[in-house]
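Novice: File model36.cif below, mmCIF, C-alpha atoms and all ligand atoms:
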```cif
data_run
loop_
_atom_site.label_atom_id
_atom_site.label_comp_id
_atom_site.auth_asym_id
_atom_site.auth_seq_id
_atom_site.Cartn_x
_atom_site.Cartn_y
_atom_site.Cartn_z
CA MET A 1 8.66 6.27 -47.05
CA GLY A 2 7.70 8.17 -43.90
CA LEU A 3 5.44 6.80 -41.19
CA ASN A 4 1.72 6.82 -41.73
CA GLN A 5 -0.52 8.11 -38.94
CA THR A 6 -1.84 4.69 -37.90
CA ILE A 7 1.62 3.18 -37.55
CA GLN A 8 2.95 6.26 -35.79
CA GLU A 9 0.18 6.08 -33.18
CA ALA A 10 0.68 2.35 -32.69
CA LEU A 11 4.44 2.82 -32.26
CA ASN A 12 3.86 5.62 -29.75
CA ARG A 13 1.54 3.33 -27.79
CA HIS A 14 4.16 0.60 -27.85
CA ILE A 15 6.88 2.99 -26.65
CA ASN A 16 4.56 3.59 -23.67
CA GLU A 17 4.19 -0.20 -23.13
CA GLU A 18 7.97 -0.62 -22.98
CA PHE A 19 8.24 2.25 -20.48
CA TYR A 20 5.45 0.65 -18.44
CA ALA A 21 7.39 -2.65 -18.47
CA SER A 22 10.46 -0.76 -17.27
CA TYR A 23 8.41 0.73 -14.43
CA LEU A 24 6.83 -2.65 -13.58
CA TYR A 25 10.21 -4.39 -13.26
CA LEU A 26 11.55 -1.53 -11.19
CA SER A 27 8.58 -2.05 -8.87
CA MET A 28 9.41 -5.78 -8.77
CA SER A 29 13.01 -4.86 -7.94
CA ALA A 30 11.83 -2.87 -4.93
CA HIS A 31 9.63 -5.81 -3.90
CA CYS A 32 12.53 -8.33 -4.19
CA ASP A 33 14.64 -6.02 -2.06
CA SER A 34 11.90 -6.11 0.59
CA LEU A 35 12.04 -9.95 0.41
CA ASP A 36 15.78 -9.73 1.26
CA LEU A 37 16.74 -11.12 -2.15
CA PRO A 38 19.33 -8.61 -3.42
CA GLY A 39 20.26 -10.80 -6.42
CA PHE A 40 16.68 -10.85 -7.70
CA ALA A 41 16.39 -7.11 -6.94
CA HIS A 42 19.50 -6.53 -9.09
CA TRP A 43 18.19 -8.80 -11.88
CA MET A 44 14.91 -6.85 -11.96
CA ARG A 45 16.76 -3.54 -12.03
CA ILE A 46 18.69 -4.72 -15.10
CA GLN A 47 15.43 -6.01 -16.61
CA SER A 48 13.95 -2.55 -16.07
CA GLN A 49 16.94 -0.93 -17.82
CA GLU A 50 16.54 -3.30 -20.77
CA GLU A 51 12.88 -2.32 -21.15
CA TYR A 52 13.92 1.34 -21.07
CA ALA A 53 16.37 0.55 -23.88
CA HIS A 54 13.57 -1.15 -25.88
CA ALA A 55 11.43 2.00 -25.50
CA MET A 56 14.33 4.17 -26.64
CA ASN A 57 15.00 1.90 -29.60
CA LEU A 58 11.46 2.58 -30.87
CA PHE A 59 11.74 6.26 -29.88
CA ASP A 60 14.76 6.52 -32.22
CA PHE A 61 13.04 4.46 -34.91
CA VAL A 62 10.02 6.81 -35.02
CA GLN A 63 12.35 9.79 -35.35
CA ASP A 64 14.54 8.10 -37.96
CA ARG A 65 11.38 7.59 -40.03
CA GLN A 66 10.59 11.33 -39.79
CA GLY A 67 7.74 10.59 -37.41
CA LYS A 68 6.84 12.37 -34.19
CA VAL A 69 7.25 10.78 -30.77
CA THR A 70 4.38 11.55 -28.38
CA LEU A 71 5.00 10.40 -24.82
CA LEU A 72 1.90 9.13 -23.04
CA PRO A 73 1.30 8.84 -19.26
CA ILE A 74 2.83 5.73 -17.68
CA ASP A 75 0.37 3.76 -15.53
CA GLN A 76 1.20 3.01 -11.92
CA PRO A 77 2.77 -0.46 -11.84
CA VAL A 78 1.60 -3.26 -9.57
CA VAL A 79 3.28 -2.78 -6.18
CA GLU A 80 2.47 -5.96 -4.22
CA PHE A 81 3.54 -9.34 -5.53
CA GLY A 82 3.87 -11.95 -2.76
CA SER A 83 6.63 -14.57 -3.07
CA VAL A 84 9.55 -14.45 -5.49
CA LEU A 85 7.83 -17.24 -7.46
CA ASP A 86 4.77 -14.96 -7.80
CA VAL A 87 7.09 -12.21 -9.03
CA MET A 88 8.59 -14.44 -11.73
CA GLU A 89 5.17 -15.73 -12.78
CA ALA A 90 3.98 -12.14 -13.13
CA THR A 91 7.11 -11.49 -15.23
CA LEU A 92 6.35 -14.39 -17.57
CA SER A 93 2.73 -13.39 -18.02
CA HIS A 94 3.74 -9.78 -18.68
CA GLU A 95 6.28 -10.88 -21.29
CA ARG A 96 3.60 -13.01 -22.97
CA LEU A 97 1.35 -9.95 -23.10
CA VAL A 98 4.15 -7.85 -24.64
CA SER A 99 4.81 -10.61 -27.20
CA SER A 100 1.18 -10.49 -28.29
CA LEU A 101 1.28 -6.67 -28.53
CA ILE A 102 4.38 -6.85 -30.73
CA ASN A 103 2.74 -9.49 -32.90
CA GLU A 104 -0.29 -7.20 -33.35
CA LEU A 105 2.01 -4.33 -34.23
CA TYR A 106 3.73 -6.49 -36.82
CA GLU A 107 0.38 -7.51 -38.25
CA LEU A 108 -0.66 -3.86 -38.50
CA ALA A 109 2.60 -2.96 -40.26
CA SER A 110 1.97 -5.81 -42.65
CA ARG A 111 -1.62 -4.64 -43.37
CA GLU A 112 -0.31 -1.13 -43.98
CA SER A 113 2.52 -2.44 -46.21
CA ASP A 114 5.06 -0.74 -43.95
CA TYR A 115 8.10 -2.91 -44.73
CA PRO A 116 10.71 -0.94 -42.70
CA THR A 117 8.56 -1.31 -39.55
CA GLN A 118 8.15 -5.03 -40.19
CA VAL A 119 11.91 -5.47 -40.57
CA HIS A 120 12.57 -3.38 -37.47
CA LEU A 121 10.10 -5.35 -35.38
CA GLN A 122 11.74 -8.67 -36.23
CA ALA A 123 14.41 -8.06 -33.57
CA PHE A 124 11.63 -7.41 -31.03
CA ILE A 125 9.88 -10.66 -31.97
CA THR A 126 13.15 -12.59 -31.53
CA GLU A 127 13.86 -10.79 -28.25
CA GLN A 128 10.46 -11.88 -26.88
CA ILE A 129 11.37 -15.55 -27.40
CA GLU A 130 14.39 -14.99 -25.17
CA GLU A 131 12.39 -12.98 -22.61
CA GLU A 132 9.76 -15.70 -22.22
CA LYS A 133 12.36 -18.48 -22.08
CA THR A 134 14.44 -16.70 -19.43
CA ALA A 135 11.43 -16.11 -17.16
CA ALA A 136 10.19 -19.71 -17.63
CA ASP A 137 13.66 -21.12 -16.79
CA ILE A 138 13.82 -19.13 -13.54
CA ILE A 139 10.29 -20.27 -12.62
CA ALA A 140 11.37 -23.91 -13.18
CA LYS A 141 14.36 -23.42 -10.87
CA LEU A 142 12.20 -21.77 -8.20
CA ARG A 143 9.76 -24.69 -8.35
CA LEU A 144 12.61 -27.18 -7.86
CA ILE A 145 13.93 -25.14 -4.95
CA GLY A 146 10.53 -25.02 -3.24
CA GLU A 147 10.99 -24.14 0.43
CA ASP A 148 14.74 -24.83 0.44
CA GLY A 149 16.19 -21.53 1.73
CA SER A 150 19.85 -22.35 1.13
CA ASN A 151 19.25 -23.20 -2.53
CA LEU A 152 17.21 -20.02 -2.89
CA LEU A 153 20.21 -18.07 -1.61
CA LEU A 154 22.42 -19.80 -4.21
CA LEU A 155 19.99 -18.84 -6.98
CA ASP A 156 19.84 -15.30 -5.61
CA ASN A 157 23.64 -15.15 -5.94
CA GLU A 158 23.36 -16.31 -9.56
CA MET A 159 20.77 -13.60 -10.27
CA ALA A 160 23.22 -11.00 -8.92
CA ALA A 161 25.59 -11.68 -11.84
CA ARG A 162 23.27 -10.34 -14.57
CA GLN A 163 24.69 -7.60 -16.77
CA LEU A 164 22.93 -5.17 -19.07
CA SER A 165 22.47 -6.38 -22.66
CA PRO A 166 19.23 -5.08 -24.22
CA GLY A 167 19.26 -7.70 -27.00
CA LEU A 168 18.26 -5.22 -29.71
FE FE A 201 10.79 -5.05 -24.01
FE FE A 202 10.60 -7.64 -21.86
#
```
Output the structure of this file as structure tokens.

Specialist:
Amino acid sequence: MGLNQTIQEALNRHINEEFYASYLYLSMSAHCDSLDLPGFAHWMRIQSQEEYAHAMNLFDFVQDRQGKVTLLPIDQPVVEFGSVLDVMEATLSHERLVSSLINELYELASRESDYPTQVHLQAFITEQIEEEKTAADIIAKLRLIGEDGSNLLLLDNEMAARQLSPGL
């Protein structure tokens, strides 16, 4: 079964959302660099690459289903964030937004009886659990650290170790 028009449009919109997330985290990476936190800047750059991989996963899925990918304009991301805690809180709230968009997409696929899309989206739903947990864990650490600069530097070093693994 090929893609119906409604699902194709919704998938194209979600491809755009994943590219926007990639752009947003790249903007956060630049901001962390300006805060002199190279580990966080690196972590955000990897995060950005993972979002790019999520977009490309759906890009391939649309094509595998004999659909047509239509790339939409990517909005300008937020550019000013404040402290690194603000950055991670913005990350968590963005991931929650993406989770709700994926849930809506799944619901649409279910209404349209598009079983392949439902199966494909399951990995995205699972991935969002991880994304929200990871951001929440880092926020908890930053709260414990508070104003303690030397512990922040230790956490920054930990963040520098992240390697690319898109999870899908
Ligand atoms: Fe994503
Ligand atoms: Fe994400």

Novice: Which chains and residue numbers are within 9 Å of ligand FE 201 (chain A), counting all atoms listed in the file, if I want them as a list in words?

Specialist: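 The residues near ligand FE 201 (chain A) are Glu17, Glu18, Phe19, Ala21, Ser22, Gln47, Ser48, Glu50, Glu51, Tyr52, Ala53, His54, Ala55, Glu95, Val98, Ser99, Phe124, Glu127, Gln128, Glu131 and Pro166 of chain A.
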
Novice: Work out how far apart CA of Trp43 (chain A) and CA of Glu158 (chain A) are and give it in Å to one decimal.

Specialist: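 A separation of 9.4 Å between them.
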
Novice: Within 6 Å of Met44 (chain A), counting all atoms listed in the file, which residues show up once you throw out same-chain ones fewer than 2 positions away? Write them as a ChimeraX atom specification, please.

Specialist: /A:25,29,41-42,46-47

Novice: Figure out the distance between CA of Val69 (chain A) and CA of Glu104 (chain A), please, to one decimal in Å.

Specialist: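 Separation between CA of Glu104 (chain A) and CA of Val69 (chain A): 19.7 Å.
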
Novice: When distances are computed from all atoms listed in the file, which of A:Phe40, A:His94, A:Ile102, A:Leu3 shows the smallest separation from ligand FE 202 (chain A)?

Specialist: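 Among A:Phe40, A:His94, A:Ile102, A:Leu3, it is A:His94 that comes nearest to ligand FE 202 (chain A).
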
Novice: What does the distance between CA of Glu132 (chain A) and CA of Arg96 (chain A) come to in Å, to one decimal place?

Specialist: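 Pair CA of Glu132 (chain A) / CA of Arg96 (chain A) returns 6.8 Å.
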
Novice: Rank nothing, just name the residue among A:Gln118, A:Leu101, A:Leu152, A:Glu112 nearest to ligand FE 202 (chain A), using only C-alpha atoms and all ligand atoms.

Specialist: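 Of the candidates, the smallest distance to ligand FE 202 (chain A) is held by A:Leu101.
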
Novice: Hey, what's within 8 Å of Met28 (chain A) if we count all atoms listed in the file and toss same-chain stuff fewer than 2 positions away? As a list in words, please?

Specialist: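 Counting only the stated atoms, we get Leu24, Tyr25, Leu26, Ala30, His31, Cys32, Ala41, Met44, Val79, Phe81 and Val87 of chain A.
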
Novice: Could you pull region 62-75 of chain A out of the block above and give me N, CA and C atoms, as an mmCIF file, in the first residue's frame?

Specialist:
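Below you can see part_32.cif, which holds the result:
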```
data_model
loop_
_atom_site.group_PDB
_atom_site.id
_atom_site.type_symbol
_atom_site.label_atom_id
_atom_site.label_comp_id
_atom_site.auth_asym_id
_atom_site.auth_seq_id
_atom_site.Cartn_x
_atom_site.Cartn_y
_atom_site.Cartn_z
ATOM 1 N N VAL A 62 9.387 7.836 3.432
ATOM 2 C CA VAL A 62 8.428 8.363 2.449
ATOM 3 C C VAL A 62 8.758 7.804 1.062
ATOM 4 N N GLN A 63 10.038 7.818 0.721
ATOM 5 C CA GLN A 63 10.434 7.328 -0.603
ATOM 6 C C GLN A 63 10.244 5.831 -0.735
ATOM 7 N N ASP A 64 10.546 5.087 0.333
ATOM 8 C CA ASP A 64 10.360 3.630 0.302
ATOM 9 C C ASP A 64 8.882 3.263 0.096
ATOM 10 N N ARG A 65 7.998 4.150 0.537
ATOM 11 C CA ARG A 65 6.558 3.911 0.383
ATOM 12 C C ARG A 65 6.026 4.485 -0.936
ATOM 13 N N GLN A 66 6.934 4.807 -1.840
ATOM 14 C CA GLN A 66 6.565 5.399 -3.141
ATOM 15 C C GLN A 66 5.866 6.746 -2.988
ATOM 16 N N GLY A 67 6.196 7.436 -1.917
ATOM 17 C CA GLY A 67 5.669 8.789 -1.728
ATOM 18 C C GLY A 67 6.650 9.816 -2.259
ATOM 19 N N LYS A 68 6.255 11.103 -2.148
ATOM 20 C CA LYS A 68 7.140 12.167 -2.610
ATOM 21 C C LYS A 68 7.523 13.079 -1.447
ATOM 22 N N VAL A 69 8.842 13.235 -1.256
ATOM 23 C CA VAL A 69 9.334 14.157 -0.232
ATOM 24 C C VAL A 69 9.234 15.588 -0.758
ATOM 25 N N THR A 70 8.643 16.471 0.044
ATOM 26 C CA THR A 70 8.621 17.899 -0.272
ATOM 27 C C THR A 70 9.270 18.631 0.891
ATOM 28 N N LEU A 71 10.422 19.237 0.637
ATOM 29 C CA LEU A 71 11.117 19.952 1.708
ATOM 30 C C LEU A 71 10.504 21.329 1.898
ATOM 31 N N LEU A 72 10.224 21.655 3.156
ATOM 32 C CA LEU A 72 9.602 22.934 3.501
ATOM 33 C C LEU A 72 10.664 23.861 4.101
ATOM 34 N N PRO A 73 10.394 25.188 4.151
ATOM 35 C CA PRO A 73 11.376 26.096 4.747
ATOM 36 C C PRO A 73 11.582 25.793 6.235
ATOM 37 N N ILE A 74 12.826 25.893 6.675
ATOM 38 C CA ILE A 74 13.146 25.670 8.093
ATOM 39 C C ILE A 74 13.141 27.022 8.800
ATOM 40 N N ASP A 75 12.329 27.129 9.864
ATOM 41 C CA ASP A 75 12.260 28.385 10.631
ATOM 42 C C ASP A 75 13.610 28.738 11.252
#
```
